[in-house]
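The structure appears below as structure tokens.
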Amino acid sequence: MELNYRQSVLYSLALKAQSDKAEAMVSLNMLLDHPAGIGDHSTTDLHNNLNEALNKLADADDRLETLTRYFPELRTNENAINTGNASTG
């Protein structure tokens, strides 16, 4: 069965937030574990990059929490969203 418009949009918003969260985690892990692997070597640049990744992570977490708080249908399909398999139920 196909997703309706509302389900598609909510699913898309949740997936975008999850993608941003994953990207932020990769950035944080890379900066924390392999700081020499980045082009900017000043401590100011490193701290700016760390803060940028942390802000992106916090923003993505906030968006996911907000979506599940105000749109209960996402809570019931949270496992499907986490695995990329949307339910039409």
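In the structure tokens, chains take letters A, B, ... by order of appearance, with residues numbered from 1 within each chain and ligands from 1 in the order shown.
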
Item to check | Non-local contacts of Phe71 of chain A (12 Å; only C-alpha atoms; under 6 positions in same chain excluded) as JSON, numbers by chain | outcome: {"A": [6, 7, 9, 10, 11, 13, 14, 63, 64, 65, 77, 78]}

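Within 10 Å of Asn55 of chain A, once only C-alpha atoms are used and residues closer than 6 positions along the same chain are dropped, the contacting residues are Ala24, Asn49 and Asp61 of chain A.
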
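When only C-alpha atoms are used to measure the gap to Asn29 of chain A, the shortest distance among A:Leu50, A:Lys16, A:Asp62, A:Ser42 belongs to A:Leu50.
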
Item to check | Computed interatomic separation between atom CA of Ala22 of chain A and atom CA of Tyr5 of chain A (Å) | outcome: 25.6 Å

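Distances here use only C-alpha atoms; by that measure, the residue among A:Ala36, A:Glu73, A:Ala17, A:Thr43 closest to Lys56 of chain A is A:Ala17.
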
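A straight line drawn from atom CA of Leu3 of chain A to atom CA of Arg69 of chain A is 20.6 Å long.
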
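Put simply, atom CA of Leu28 of chain A is 9.2 Å away from atom CA of Glu52 of chain A.
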
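Nearest to Leu57 of chain A of all the residues A:Thr44, A:Leu32, A:Leu74, A:Val26 is A:Val26, counting only C-alpha atoms.
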